[in-house]
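Student: Dropping in upload.cif, which is mmCIF, C-alpha atoms and all ligand atoms:
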```cif
data_query
#
loop_
_atom_site.group_PDB
_atom_site.id
_atom_site.type_symbol
_atom_site.label_atom_id
_atom_site.label_comp_id
_atom_site.auth_asym_id
_atom_site.auth_seq_id
_atom_site.Cartn_x
_atom_site.Cartn_y
_atom_site.Cartn_z
ATOM 1 C CA MET A 23 5.576 -14.626 22.434
ATOM 2 C CA ARG A 24 5.237 -11.211 20.767
ATOM 3 C CA GLU A 25 2.041 -10.718 18.845
ATOM 4 C CA LEU A 26 0.141 -8.031 16.947
ATOM 5 C CA SER A 27 -2.131 -5.740 18.938
ATOM 6 C CA VAL A 28 -4.906 -6.260 16.335
ATOM 7 C CA ASN A 29 -6.863 -9.271 15.027
ATOM 8 C CA HIS A 30 -7.432 -7.717 11.583
ATOM 9 C CA LEU A 31 -5.364 -5.455 9.350
ATOM 10 C CA LEU A 32 -7.944 -2.813 8.481
ATOM 11 C CA GLY A 33 -5.674 0.209 8.294
ATOM 12 C CA ILE A 34 -2.316 1.537 9.485
ATOM 13 C CA LYS A 35 -4.361 3.846 11.710
ATOM 14 C CA TYR A 36 -5.058 0.902 14.042
ATOM 15 C CA LEU A 37 -1.422 -0.233 14.415
ATOM 16 C CA ASN A 38 1.247 0.882 16.854
ATOM 17 C CA GLN A 39 5.016 1.125 16.451
ATOM 18 C CA GLY A 40 5.507 -2.291 18.087
ATOM 19 C CA ASP A 41 3.214 -3.889 15.485
ATOM 20 C CA ILE A 42 5.238 -2.402 12.649
ATOM 21 C CA ASP A 43 8.543 -3.525 14.208
ATOM 22 C CA LEU A 44 7.167 -7.042 14.572
ATOM 23 C CA ILE A 45 5.858 -7.131 10.980
ATOM 24 C CA PHE A 46 9.231 -5.907 9.643
ATOM 25 C CA GLU A 47 11.279 -8.394 11.671
ATOM 26 C CA THR A 48 9.006 -11.206 10.511
ATOM 27 C CA ALA A 49 9.246 -9.932 6.914
ATOM 28 C CA ASP A 50 13.073 -9.961 7.171
ATOM 29 C CA HIS A 51 12.850 -13.654 7.969
ATOM 30 C CA PHE A 52 10.421 -14.386 5.125
ATOM 31 C CA LYS A 53 12.517 -12.381 2.690
ATOM 32 C CA GLU A 54 15.354 -14.761 3.438
ATOM 33 C CA VAL A 55 12.979 -17.725 2.936
ATOM 34 C CA ILE A 56 11.759 -16.583 -0.489
ATOM 35 C CA ASN A 57 15.298 -16.234 -1.713
ATOM 36 C CA ARG A 58 16.054 -19.883 -0.887
ATOM 37 C CA PRO A 59 15.830 -22.573 -3.596
ATOM 38 C CA ILE A 60 12.799 -23.979 -1.732
ATOM 39 C CA LYS A 61 10.674 -20.918 -1.194
ATOM 40 C CA LYS A 62 7.898 -22.453 0.873
ATOM 41 C CA VAL A 63 7.338 -22.938 4.581
ATOM 42 C CA PRO A 64 4.633 -25.214 6.024
ATOM 43 C CA SER A 65 3.492 -22.655 8.631
ATOM 44 C CA LEU A 66 -0.147 -22.213 7.519
ATOM 45 C CA ARG A 67 -1.046 -25.692 6.267
ATOM 46 C CA ASP A 68 -4.232 -25.660 8.345
ATOM 47 C CA ILE A 69 -5.425 -22.166 7.335
ATOM 48 C CA THR A 70 -7.836 -21.289 4.502
ATOM 49 C CA ILE A 71 -7.718 -17.818 2.993
ATOM 50 C CA ALA A 72 -10.233 -16.215 0.613
ATOM 51 C CA ASN A 73 -9.050 -13.405 -1.642
ATOM 52 C CA LEU A 74 -12.068 -11.273 -2.508
ATOM 53 C CA PHE A 75 -11.328 -8.617 -5.111
ATOM 54 C CA PHE A 76 -14.245 -6.373 -5.994
ATOM 55 C CA GLU A 77 -11.939 -3.928 -7.773
ATOM 56 C CA ASN A 78 -9.244 -4.354 -10.425
ATOM 57 C CA SER A 79 -5.828 -5.346 -9.243
ATOM 58 C CA THR A 80 -2.793 -7.062 -10.686
ATOM 59 C CA ARG A 81 0.198 -6.817 -8.404
ATOM 60 C CA THR A 82 -1.649 -6.689 -5.091
ATOM 61 C CA ARG A 83 -3.768 -9.759 -5.873
ATOM 62 C CA LEU A 84 -0.825 -11.767 -7.198
ATOM 63 C CA SER A 85 1.370 -10.662 -4.330
ATOM 64 C CA PHE A 86 -1.161 -11.768 -1.702
ATOM 65 C CA GLU A 87 -1.755 -15.069 -3.469
ATOM 66 C CA LEU A 88 1.938 -15.778 -3.710
ATOM 67 C CA ALA A 89 2.459 -14.846 -0.048
ATOM 68 C CA GLU A 90 -0.343 -17.225 0.989
ATOM 69 C CA LYS A 91 1.014 -20.066 -1.136
ATOM 70 C CA ARG A 92 4.561 -19.599 0.143
ATOM 71 C CA LEU A 93 3.082 -20.100 3.633
ATOM 72 C CA SER A 94 1.265 -23.290 2.433
ATOM 73 C CA ALA A 95 -2.222 -21.925 3.144
ATOM 74 C CA ASP A 96 -5.243 -23.157 1.180
ATOM 75 C CA VAL A 97 -6.357 -20.342 -1.104
ATOM 76 C CA ILE A 98 -9.608 -19.498 -2.872
ATOM 77 C CA ASN A 99 -10.001 -16.529 -5.182
ATOM 78 C CA PHE A 100 -12.968 -14.421 -6.089
ATOM 79 C CA SER A 101 -12.782 -11.375 -8.311
ATOM 80 C CA ALA A 102 -15.680 -9.243 -9.392
ATOM 81 C CA ALA A 103 -14.353 -6.169 -11.120
ATOM 82 C CA SER A 104 -17.258 -3.792 -10.931
ATOM 83 C CA SER A 105 -17.754 -0.191 -10.028
ATOM 84 C CA SER A 106 -21.451 -0.553 -9.250
ATOM 85 C CA VAL A 107 -21.100 -2.839 -6.270
ATOM 86 C CA LYS A 108 -23.539 -1.540 -3.687
ATOM 87 C CA LYS A 109 -22.299 -1.670 -0.124
ATOM 88 C CA GLY A 110 -24.656 -3.615 2.197
ATOM 89 C CA GLU A 111 -26.059 -5.994 -0.400
ATOM 90 C CA THR A 112 -22.958 -7.507 -1.864
ATOM 91 C CA LEU A 113 -21.004 -7.556 1.343
ATOM 92 C CA ILE A 114 -23.750 -9.365 3.224
ATOM 93 C CA ASP A 115 -23.847 -11.895 0.396
ATOM 94 C CA THR A 116 -20.119 -12.251 0.696
ATOM 95 C CA VAL A 117 -20.363 -12.686 4.443
ATOM 96 C CA ASN A 118 -22.809 -15.563 4.073
ATOM 97 C CA ASN A 119 -20.622 -17.264 1.503
ATOM 98 C CA ILE A 120 -17.582 -16.922 3.673
ATOM 99 C CA LEU A 121 -19.308 -18.327 6.717
ATOM 100 C CA SER A 122 -20.487 -21.391 4.839
ATOM 101 C CA MET A 123 -17.038 -22.058 3.377
ATOM 102 C CA LYS A 124 -15.318 -22.084 6.772
ATOM 103 C CA VAL A 125 -12.689 -19.604 5.750
ATOM 104 C CA ASP A 126 -10.179 -18.424 8.393
ATOM 105 C CA MET A 127 -8.985 -15.239 6.745
ATOM 106 C CA VAL A 128 -10.331 -12.862 4.119
ATOM 107 C CA VAL A 129 -8.157 -10.558 2.037
ATOM 108 C CA MET A 130 -10.463 -7.991 0.495
ATOM 109 C CA ARG A 131 -10.203 -5.138 -1.977
ATOM 110 C CA HIS A 132 -13.390 -3.142 -2.289
ATOM 111 C CA PRO A 133 -14.335 0.239 -3.803
ATOM 112 C CA ASN A 134 -16.175 1.381 -0.655
ATOM 113 C CA PRO A 135 -14.177 2.991 2.149
ATOM 114 C CA GLY A 136 -14.773 1.070 5.362
ATOM 115 C CA ALA A 137 -15.760 -2.168 3.609
ATOM 116 C CA GLY A 138 -13.186 -4.184 5.568
ATOM 117 C CA ILE A 139 -14.280 -2.666 8.866
ATOM 118 C CA PHE A 140 -17.877 -3.561 8.050
ATOM 119 C CA LEU A 141 -16.925 -7.138 7.231
ATOM 120 C CA SER A 142 -14.830 -7.511 10.387
ATOM 121 C CA ASN A 143 -17.938 -6.728 12.427
ATOM 122 C CA HIS A 144 -19.971 -9.454 10.713
ATOM 123 C CA VAL A 145 -17.707 -12.480 10.298
ATOM 124 C CA LYS A 146 -15.452 -14.452 12.566
ATOM 125 C CA ALA A 147 -12.665 -14.558 9.964
ATOM 126 C CA SER A 148 -9.611 -12.337 10.236
ATOM 127 C CA ILE A 149 -9.827 -9.519 7.663
ATOM 128 C CA VAL A 150 -6.964 -7.995 5.701
ATOM 129 C CA ASN A 151 -7.766 -4.782 3.858
ATOM 130 C CA ALA A 152 -6.149 -4.883 0.403
ATOM 131 C CA GLY A 153 -7.471 -1.399 -0.438
ATOM 132 C CA ASP A 154 -10.859 0.107 0.418
ATOM 133 C CA GLY A 155 -11.747 2.866 -2.014
ATOM 134 C CA ALA A 156 -9.818 6.065 -1.367
ATOM 135 C CA HIS A 157 -9.396 5.148 2.329
ATOM 136 C CA GLU A 158 -6.496 2.821 3.252
ATOM 137 C CA HIS A 159 -4.130 0.325 1.647
ATOM 138 C CA PRO A 160 -2.166 -0.821 4.679
ATOM 139 C CA THR A 161 0.031 -3.549 3.164
ATOM 140 C CA GLN A 162 1.168 -1.099 0.472
ATOM 141 C CA ALA A 163 2.307 1.391 3.137
ATOM 142 C CA LEU A 164 4.031 -1.402 5.068
ATOM 143 C CA LEU A 165 5.939 -2.578 2.003
ATOM 144 C CA ASP A 166 6.761 1.022 1.042
ATOM 145 C CA THR A 167 8.221 1.899 4.436
ATOM 146 C CA TYR A 168 9.933 -1.517 4.639
ATOM 147 C CA SER A 169 11.598 -0.680 1.304
ATOM 148 C CA ILE A 170 12.718 2.730 2.598
ATOM 149 C CA ARG A 171 14.195 1.045 5.700
ATOM 150 C CA GLU A 172 15.991 -1.452 3.454
ATOM 151 C CA ARG A 173 17.483 1.234 1.191
ATOM 152 C CA LEU A 174 18.266 3.941 3.770
ATOM 153 C CA GLY A 175 18.783 1.922 6.976
ATOM 154 C CA GLU A 176 15.854 3.441 8.823
ATOM 155 C CA VAL A 177 12.654 5.393 8.335
ATOM 156 C CA ALA A 178 12.919 7.631 11.415
ATOM 157 C CA GLY A 179 14.164 11.128 10.619
ATOM 158 C CA LYS A 180 13.927 10.716 6.836
ATOM 159 C CA ASN A 181 12.234 13.360 4.706
ATOM 160 C CA VAL A 182 9.610 11.764 2.473
ATOM 161 C CA VAL A 183 7.489 13.583 -0.087
ATOM 162 C CA ILE A 184 4.375 11.987 -1.538
ATOM 163 C CA VAL A 185 3.648 13.532 -4.922
ATOM 164 C CA GLY A 186 0.422 13.680 -6.901
ATOM 165 C CA ASP A 187 -3.170 12.767 -6.333
ATOM 166 C CA ILE A 188 -3.295 12.803 -2.542
ATOM 167 C CA LEU A 189 -7.045 13.432 -2.547
ATOM 168 C CA HIS A 190 -8.059 10.110 -4.099
ATOM 169 C CA SER A 191 -5.179 7.959 -2.934
ATOM 170 C CA ARG A 192 -5.429 5.257 -0.274
ATOM 171 C CA VAL A 193 -1.699 4.714 -0.777
ATOM 172 C CA ALA A 194 -1.086 8.307 0.316
ATOM 173 C CA LEU A 195 -3.214 8.088 3.443
ATOM 174 C CA SER A 196 -1.767 4.763 4.604
ATOM 175 C CA ASN A 197 1.753 5.979 3.846
ATOM 176 C CA ILE A 198 1.205 9.157 5.859
ATOM 177 C CA PHE A 199 0.107 7.100 8.887
ATOM 178 C CA ALA A 200 2.946 4.576 8.490
ATOM 179 C CA LEU A 201 5.657 7.178 7.941
ATOM 180 C CA LYS A 202 4.519 9.335 10.862
ATOM 181 C CA LEU A 203 4.316 6.315 13.156
ATOM 182 C CA GLN A 204 7.910 5.463 12.281
ATOM 183 C CA GLY A 205 9.174 9.012 12.850
ATOM 184 C CA ALA A 206 9.649 10.249 9.273
ATOM 185 C CA ASN A 207 8.980 13.848 8.208
ATOM 186 C CA VAL A 208 6.249 13.882 5.584
ATOM 187 C CA LYS A 209 5.368 16.405 2.910
ATOM 188 C CA VAL A 210 2.663 16.136 0.282
ATOM 189 C CA CYS A 211 3.061 17.817 -3.089
ATOM 190 C CA GLY A 212 0.638 18.273 -5.946
ATOM 191 C CA PRO A 213 -1.822 20.666 -7.517
ATOM 192 C CA LYS A 214 -3.947 22.378 -4.840
ATOM 193 C CA THR A 215 -7.065 20.709 -6.239
ATOM 194 C CA LEU A 216 -5.629 17.268 -5.449
ATOM 195 C CA LEU A 217 -4.565 18.093 -1.880
ATOM 196 C CA PRO A 218 -7.291 17.585 0.767
ATOM 197 C CA LYS A 219 -8.121 20.819 2.560
ATOM 198 C CA TYR A 220 -7.192 19.802 6.096
ATOM 199 C CA ILE A 221 -4.332 17.453 5.263
ATOM 200 C CA GLU A 222 -1.958 19.360 7.600
ATOM 201 C CA ARG A 223 -3.975 18.065 10.528
ATOM 202 C CA LEU A 224 -2.344 14.694 9.859
ATOM 203 C CA GLY A 225 1.001 16.256 10.734
ATOM 204 C CA VAL A 226 2.274 16.663 7.176
ATOM 205 C CA SER A 227 3.425 19.807 5.409
ATOM 206 C CA VAL A 228 2.225 20.944 1.999
ATOM 207 C CA GLU A 229 4.235 22.136 -0.995
ATOM 208 C CA THR A 230 2.866 22.901 -4.439
ATOM 209 C CA ASP A 231 6.278 23.428 -6.073
ATOM 210 C CA LEU A 232 7.750 20.041 -7.022
ATOM 211 C CA ARG A 233 11.323 21.326 -7.335
ATOM 212 C CA LYS A 234 11.264 22.674 -3.755
ATOM 213 C CA ALA A 235 9.744 19.481 -2.414
ATOM 214 C CA LEU A 236 12.392 17.358 -4.136
ATOM 215 C CA GLN A 237 15.187 19.561 -2.847
ATOM 216 C CA TRP A 238 13.907 18.922 0.697
ATOM 217 C CA CYS A 239 13.368 15.172 0.531
ATOM 218 C CA ASP A 240 15.376 11.950 0.816
ATOM 219 C CA VAL A 241 12.594 9.927 -0.805
ATOM 220 C CA ALA A 242 9.932 10.845 -3.383
ATOM 221 C CA ASN A 243 6.920 8.559 -3.682
ATOM 222 C CA MET A 244 5.239 9.293 -7.018
ATOM 223 C CA LEU A 245 1.544 8.461 -7.151
ATOM 224 C CA ARG A 246 -0.601 7.664 -10.151
ATOM 225 C CA VAL A 247 -3.370 10.127 -10.969
ATOM 226 C CA GLN A 248 -6.513 8.182 -10.042
ATOM 227 C CA ASN A 249 -8.572 9.116 -13.096
ATOM 228 C CA GLU A 250 -11.099 6.401 -12.289
ATOM 229 C CA ARG A 251 -12.010 8.162 -9.028
ATOM 230 C CA MET A 252 -12.560 11.577 -10.600
ATOM 231 C CA GLU A 253 -15.945 12.783 -11.662
ATOM 232 C CA ILE A 254 -14.694 16.222 -12.626
ATOM 233 C CA SER A 255 -11.390 17.578 -13.952
ATOM 234 C CA TYR A 256 -8.918 18.527 -11.255
ATOM 235 C CA PHE A 257 -6.272 19.978 -13.582
ATOM 236 C CA PRO A 258 -6.361 21.435 -17.107
ATOM 237 C CA SER A 259 -4.679 18.560 -18.977
ATOM 238 C CA THR A 260 -2.432 15.547 -18.458
ATOM 239 C CA ARG A 261 0.284 17.421 -20.351
ATOM 240 C CA GLU A 262 0.159 20.306 -17.917
ATOM 241 C CA TYR A 263 0.145 17.929 -14.933
ATOM 242 C CA THR A 264 3.282 16.255 -16.292
ATOM 243 C CA GLN A 265 4.989 19.589 -16.862
ATOM 244 C CA GLN A 266 4.440 20.627 -13.251
ATOM 245 C CA TYR A 267 4.453 17.366 -11.312
ATOM 246 C CA GLY A 268 6.149 14.791 -13.522
ATOM 247 C CA LEU A 269 9.491 13.405 -12.414
ATOM 248 C CA ASN A 270 12.193 13.406 -15.106
ATOM 249 C CA LYS A 271 15.958 13.313 -15.458
ATOM 250 C CA GLU A 272 16.319 17.052 -15.904
ATOM 251 C CA ILE A 273 14.670 17.877 -12.571
ATOM 252 C CA LEU A 274 16.521 15.105 -10.692
ATOM 253 C CA ASP A 275 19.874 16.215 -12.145
ATOM 254 C CA SER A 276 19.204 19.763 -11.000
ATOM 255 C CA LEU A 277 19.134 18.668 -7.321
ATOM 256 C CA ASP A 278 22.329 18.724 -5.324
ATOM 257 C CA LYS A 279 21.813 15.165 -4.027
ATOM 258 C CA GLU A 280 20.497 11.789 -5.160
ATOM 259 C CA ILE A 281 17.052 10.953 -3.862
ATOM 260 C CA VAL A 282 15.281 7.576 -3.729
ATOM 261 C CA VAL A 283 12.330 7.289 -6.129
ATOM 262 C CA MET A 284 9.285 5.120 -5.374
ATOM 263 C CA HIS A 285 6.031 4.289 -7.132
ATOM 264 C CA PRO A 286 3.295 1.895 -5.971
ATOM 265 C CA GLY A 287 2.388 0.917 -9.535
ATOM 266 C CA PRO A 288 0.727 0.722 -11.942
ATOM 267 C CA ILE A 289 2.922 3.394 -13.553
ATOM 268 C CA ASN A 290 1.628 5.776 -16.177
ATOM 269 C CA ARG A 291 4.967 6.063 -17.915
ATOM 270 C CA GLY A 292 5.533 9.598 -19.156
ATOM 271 C CA VAL A 293 2.820 11.076 -16.929
ATOM 272 C CA GLU A 294 3.981 11.091 -13.284
ATOM 273 C CA ILE A 295 7.418 9.645 -14.051
ATOM 274 C CA THR A 296 9.507 9.181 -17.200
ATOM 275 C CA SER A 297 10.626 5.685 -18.224
ATOM 276 C CA ASP A 298 14.346 6.365 -17.810
ATOM 277 C CA ILE A 299 13.804 7.356 -14.170
ATOM 278 C CA ALA A 300 11.393 4.488 -13.440
ATOM 279 C CA ASP A 301 13.991 2.032 -14.762
ATOM 280 C CA SER A 302 17.024 3.692 -13.119
ATOM 281 C CA ASP A 303 18.982 2.573 -10.049
ATOM 282 C CA GLN A 304 17.570 5.530 -8.167
ATOM 283 C CA ALA A 305 14.118 3.931 -8.341
ATOM 284 C CA ILE A 306 13.268 1.094 -5.950
ATOM 285 C CA ILE A 307 9.980 0.250 -7.671
ATOM 286 C CA LEU A 308 10.774 -3.417 -8.271
ATOM 287 C CA ASP A 309 12.222 -3.787 -4.756
ATOM 288 C CA GLN A 310 8.846 -2.570 -3.501
ATOM 289 C CA VAL A 311 7.120 -5.335 -5.474
ATOM 290 C CA GLN A 312 9.539 -7.976 -4.212
ATOM 291 C CA ASN A 313 9.256 -6.806 -0.614
ATOM 292 C CA GLY A 314 5.474 -6.866 -0.970
ATOM 293 C CA VAL A 315 5.458 -10.659 -0.891
ATOM 294 C CA ALA A 316 7.629 -10.882 2.254
ATOM 295 C CA VAL A 317 5.647 -8.164 4.054
ATOM 296 C CA ARG A 318 2.312 -9.806 3.181
ATOM 297 C CA MET A 319 3.643 -13.173 4.335
ATOM 298 C CA ALA A 320 4.514 -11.513 7.644
ATOM 299 C CA VAL A 321 1.076 -9.908 8.053
ATOM 300 C CA ILE A 322 -0.784 -13.128 7.204
ATOM 301 C CA TYR A 323 1.473 -15.267 9.384
ATOM 302 C CA LEU A 324 1.117 -12.960 12.396
ATOM 303 C CA LEU A 325 -2.674 -12.659 12.058
ATOM 304 C CA ALA A 326 -3.017 -16.422 11.559
ATOM 305 C CA SER A 327 -1.038 -17.139 14.711
ATOM 306 C CA LYS A 328 -3.684 -15.195 16.622
ATOM 307 C CA ILE A 329 -6.482 -17.310 15.072
ATOM 308 C CA LYS A 330 -4.731 -20.513 16.043
ATOM 309 C CA GLN A 331 -4.595 -19.642 19.751
HETATM 310 C C1 LIG A 401 -2.459 1.214 -5.900
HETATM 311 C C2 LIG A 401 -3.909 0.942 -5.547
HETATM 312 O O1 LIG A 401 -4.565 0.137 -6.188
HETATM 313 O O2 LIG A 401 -4.314 1.556 -4.586
HETATM 314 N N1 LIG A 401 -1.831 0.186 -6.574
HETATM 315 C C3 LIG A 401 -1.364 -0.875 -5.864
HETATM 316 O O3 LIG A 401 -2.033 -1.438 -5.027
HETATM 317 N N2 LIG A 401 -0.089 -1.237 -6.107
HETATM 318 C C4 LIG A 401 -2.221 2.509 -6.497
HETATM 319 C C5 LIG A 401 -2.878 2.877 -7.781
HETATM 320 O O4 LIG A 401 -3.821 2.259 -8.240
HETATM 321 O O5 LIG A 401 -2.433 3.896 -8.343
#
```
Would you encode the structure as structure tokens?
Ligand code: NCD

Tutor:
Amino acid sequence: MRELSVNHLLGIKYLNQGDIDLIFETADHFKEVINRPIKKVPSLRDITIANLFFENSTRTRLSFELAEKRLSADVINFSAASSSVKKGETLIDTVNNILSMKVDMVVMRHPNPGAGIFLSNHVKASIVNAGDGAHEHPTQALLDTYSIRERLGEVAGKNVVIVGDILHSRVALSNIFALKLQGANVKVCGPKTLLPKYIERLGVSVETDLRKALQWCDVANMLRVQNERMEISYFPSTREYTQQYGLNKEILDSLDKEIVVMHPGPINRGVEITSDIADSDQAIILDQVQNGVAVRMAVIYLLASKIKQ
């Protein structure tokens, strides 16, 4: 039987192409399941999953919970929205709680980069990283590239630009790894202050002119400006950011082709993307959300089948 090369999903960095193929094929199957009148399968009746959210989240938390329930797993939820969580302390507490509750899998969002890796070294449970600070957000990148594959047939050879706050975005980093692994050409676009200095070392190109980047791409993934991760100002004003890096009808109409528009949510309507574009057929934003459940079912199912062995 084919299986994942990893026991945890800590980042796209740790996956290989075969893992992604397997996750996508499994997600195709679950996508069919969740469109049936009876949307549940009994696969994980004997598995208990803890969702630990130390940082705010709406769609990711709901999407994981739904995915777990559609697989018939037992689910417990813990959310502690707090920015002052100190590494070590809280995580060790969490570890002890998890051990005593006999949990098989932990889905964790945490403000500290590497929090999932730390936990995976201290508990026997399988860990799924649901976002660790500005580091990785692997299931988001899986559902994003799955959605590109669904809309355009394949990811390999496609030109994808990621626009906005690359510096603070775990979605950007995970997407870069996932897109490169699947053979896409990747460009990042944004104000120089929001582009990490050595980003080209990841095999991506850099463009500061949005119009040029859009003219080049098949897909534009528009990121939210992560104001909550900024201690200083990285650009003069939101208005100026929108003027230079906001996606609107005028700029899309000026291209000589129709591109696919993506956004991981939550959207700041009128800042990085106008409402008419976010709600248009060109945007696959709600497909991304729908695919998120199937992709997370696939990840959880495949990791759980390794626990069961
Ligand atoms: C992203 C996140 O939390 O990293 N949202 C999400 O998971 N859908 C992106 C963001 O907050 O802008």

Student: Write out as a PyMOL selection string which residues come within 8 Å of Ile69 (chain A) when counting all atoms listed in the file, dropping same-chain ones fewer than 6 positions away.

Tutor: chain A and resi 95-96+125-127+326

Student: Can you build me a table of region 49-74 of chain A residues sitting at most 10 Å from region 81-89 of chain A, with the closest atom pair per residue and its distance in Å to one decimal, using all atoms listed in the file, sorted by chain and residue number, as a Markdown table?

Tutor:
```
| residue | atom | partner | partner_atom | distance |
| --- | --- | --- | --- | --- |
| A:Phe52 | CA | A:Ala89 | CA | 9.5 |
| A:Ile56 | CA | A:Ala89 | CA | 9.5 |
| A:Lys62 | CA | A:Ala89 | CA | 9.4 |
| A:Ile71 | CA | A:Glu87 | CA | 9.2 |
| A:Ala72 | CA | A:Glu87 | CA | 9.5 |
| A:Asn73 | CA | A:Arg83 | CA | 7.7 |
| A:Leu74 | CA | A:Arg83 | CA | 9.1 |
```

Student: Counting only C-alpha atoms and all ligand atoms, which residue out of A:Ile42, A:Val321, A:Val228, A:Ala156 sits closest to ligand LIG 401 (chain A)?

Tutor: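 Using only C-alpha atoms and all ligand atoms, the shortest distance to ligand LIG 401 (chain A) belongs to A:Ala156.
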
Student: Can I get the residues of chain A within 8 Å of ligand LIG 401 (chain A), each with the closest pair of atoms and their distance in Å to one decimal, using only C-alpha atoms and all ligand atoms, sorted chain first then ascending number, as JSON lines?

Tutor:
```
{"residue": "A:Asn78", "atom": "CA", "partner": "A:LIG401", "partner_atom": "O1", "distance": 7.7}
{"residue": "A:Ser79", "atom": "CA", "partner": "A:LIG401", "partner_atom": "O1", "distance": 6.4}
{"residue": "A:Thr80", "atom": "CA", "partner": "A:LIG401", "partner_atom": "N2", "distance": 7.9}
{"residue": "A:Arg81", "atom": "CA", "partner": "A:LIG401", "partner_atom": "N2", "distance": 6.0}
{"residue": "A:Thr82", "atom": "CA", "partner": "A:LIG401", "partner_atom": "O3", "distance": 5.3}
{"residue": "A:Ala152", "atom": "CA", "partner": "A:LIG401", "partner_atom": "O3", "distance": 7.6}
{"residue": "A:Gly153", "atom": "CA", "partner": "A:LIG401", "partner_atom": "O2", "distance": 6.0}
{"residue": "A:Gly155", "atom": "CA", "partner": "A:LIG401", "partner_atom": "O2", "distance": 8.0}
{"residue": "A:Ala156", "atom": "CA", "partner": "A:LIG401", "partner_atom": "O2", "distance": 7.8}
{"residue": "A:His159", "atom": "CA", "partner": "A:LIG401", "partner_atom": "O2", "distance": 6.4}
{"residue": "A:Gln162", "atom": "CA", "partner": "A:LIG401", "partner_atom": "O3", "distance": 6.4}
{"residue": "A:Ser191", "atom": "CA", "partner": "A:LIG401", "partner_atom": "O2", "distance": 6.7}
{"residue": "A:Arg192", "atom": "CA", "partner": "A:LIG401", "partner_atom": "O2", "distance": 5.8}
{"residue": "A:Val193", "atom": "CA", "partner": "A:LIG401", "partner_atom": "O2", "distance": 5.6}
{"residue": "A:Leu245", "atom": "CA", "partner": "A:LIG401", "partner_atom": "O5", "distance": 6.2}
{"residue": "A:Arg246", "atom": "CA", "partner": "A:LIG401", "partner_atom": "O5", "distance": 4.6}
{"residue": "A:Val247", "atom": "CA", "partner": "A:LIG401", "partner_atom": "O5", "distance": 6.8}
{"residue": "A:Gln248", "atom": "CA", "partner": "A:LIG401", "partner_atom": "O5", "distance": 6.2}
{"residue": "A:Pro286", "atom": "CA", "partner": "A:LIG401", "partner_atom": "N2", "distance": 4.6}
{"residue": "A:Gly287", "atom": "CA", "partner": "A:LIG401", "partner_atom": "N2", "distance": 4.7}
{"residue": "A:Pro288", "atom": "CA", "partner": "A:LIG401", "partner_atom": "O5", "distance": 5.7}
{"residue": "A:Ile289", "atom": "CA", "partner": "A:LIG401", "partner_atom": "O5", "distance": 7.5}
```

Student: Selected by the PyMOL selection byres (((chain A and resi 225) around 12) and not hetatm) in the shown coordinates: which residues, as a list in words?

Tutor: Leu195, Ile198, Phe199, Leu201, Lys202, Leu203, Gly205, Ala206, Asn207, Val208, Lys209, Val210, Tyr220, Ile221, Glu222, Arg223, Leu224, Val226, Ser227 and Val228 of chain A

Student: Go ahead and write the selection's residues with C-alpha atoms as an mmCIF file, keeping the file's coordinate frame.

Tutor:
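Output file out-v3.cif follows:
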```
data_model
loop_
_atom_site.group_PDB
_atom_site.id
_atom_site.type_symbol
_atom_site.label_atom_id
_atom_site.label_comp_id
_atom_site.auth_asym_id
_atom_site.auth_seq_id
_atom_site.Cartn_x
_atom_site.Cartn_y
_atom_site.Cartn_z
ATOM 1 C CA LEU A 195 -3.214 8.088 3.443
ATOM 2 C CA ILE A 198 1.205 9.157 5.859
ATOM 3 C CA PHE A 199 0.107 7.100 8.887
ATOM 4 C CA LEU A 201 5.657 7.178 7.941
ATOM 5 C CA LYS A 202 4.519 9.335 10.862
ATOM 6 C CA LEU A 203 4.316 6.315 13.156
ATOM 7 C CA GLY A 205 9.174 9.012 12.850
ATOM 8 C CA ALA A 206 9.649 10.249 9.273
ATOM 9 C CA ASN A 207 8.980 13.848 8.208
ATOM 10 C CA VAL A 208 6.249 13.882 5.584
ATOM 11 C CA LYS A 209 5.368 16.405 2.910
ATOM 12 C CA VAL A 210 2.663 16.136 0.282
ATOM 13 C CA TYR A 220 -7.192 19.802 6.096
ATOM 14 C CA ILE A 221 -4.332 17.453 5.263
ATOM 15 C CA GLU A 222 -1.958 19.360 7.600
ATOM 16 C CA ARG A 223 -3.975 18.065 10.528
ATOM 17 C CA LEU A 224 -2.344 14.694 9.859
ATOM 18 C CA VAL A 226 2.274 16.663 7.176
ATOM 19 C CA SER A 227 3.425 19.807 5.409
ATOM 20 C CA VAL A 228 2.225 20.944 1.999
#
```

Student: Using all atoms listed in the file, can you tell me which of A:Leu31, A:Cys239, A:Leu269, A:Ile139 comes closest to Gly292 (chain A)?

Tutor: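 Answer, going by the shortest atom-to-atom distance: A:Leu269.
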
Student: Could you check the closest approach to Asp275 (chain A) for each of A:Leu37, A:Ile299, A:Met130, A:Val293 and tell me which residue wins, using only C-alpha atoms?

Tutor: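 Among the listed residues, the smallest separation from Asp275 (chain A) belongs to A:Ile299.
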
Student: Once the PyMOL selection byres (((chain A and resi 94) around 6) and not hetatm) has been applied to the shown file, what residues remain in the selection, as a list of chain:residue names?

Tutor: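 With the shown file as input, the PyMOL selection byres (((chain A and resi 94) around 6) and not hetatm) matches A:Pro64, A:Leu66, A:Arg67, A:Lys91, A:Arg92, A:Leu93, A:Ala95.
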
Student: Looking at only C-alpha atoms, which of A:Thr215, A:Pro133, A:Asn118, A:Asn99 is the one that sits closest to Pro258 (chain A)?

Tutor: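 Of A:Thr215, A:Pro133, A:Asn118, A:Asn99, the one nearest Pro258 (chain A), counting only C-alpha atoms, is A:Thr215.
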
Student: Under the PyMOL selection byres (((chain A and resi 167) around 9) and not hetatm), which residues of this model are included? Write them out as a PyMOL selection string.

Tutor: chain A and resi 162-166+168-172+176-177+197+200-201+204
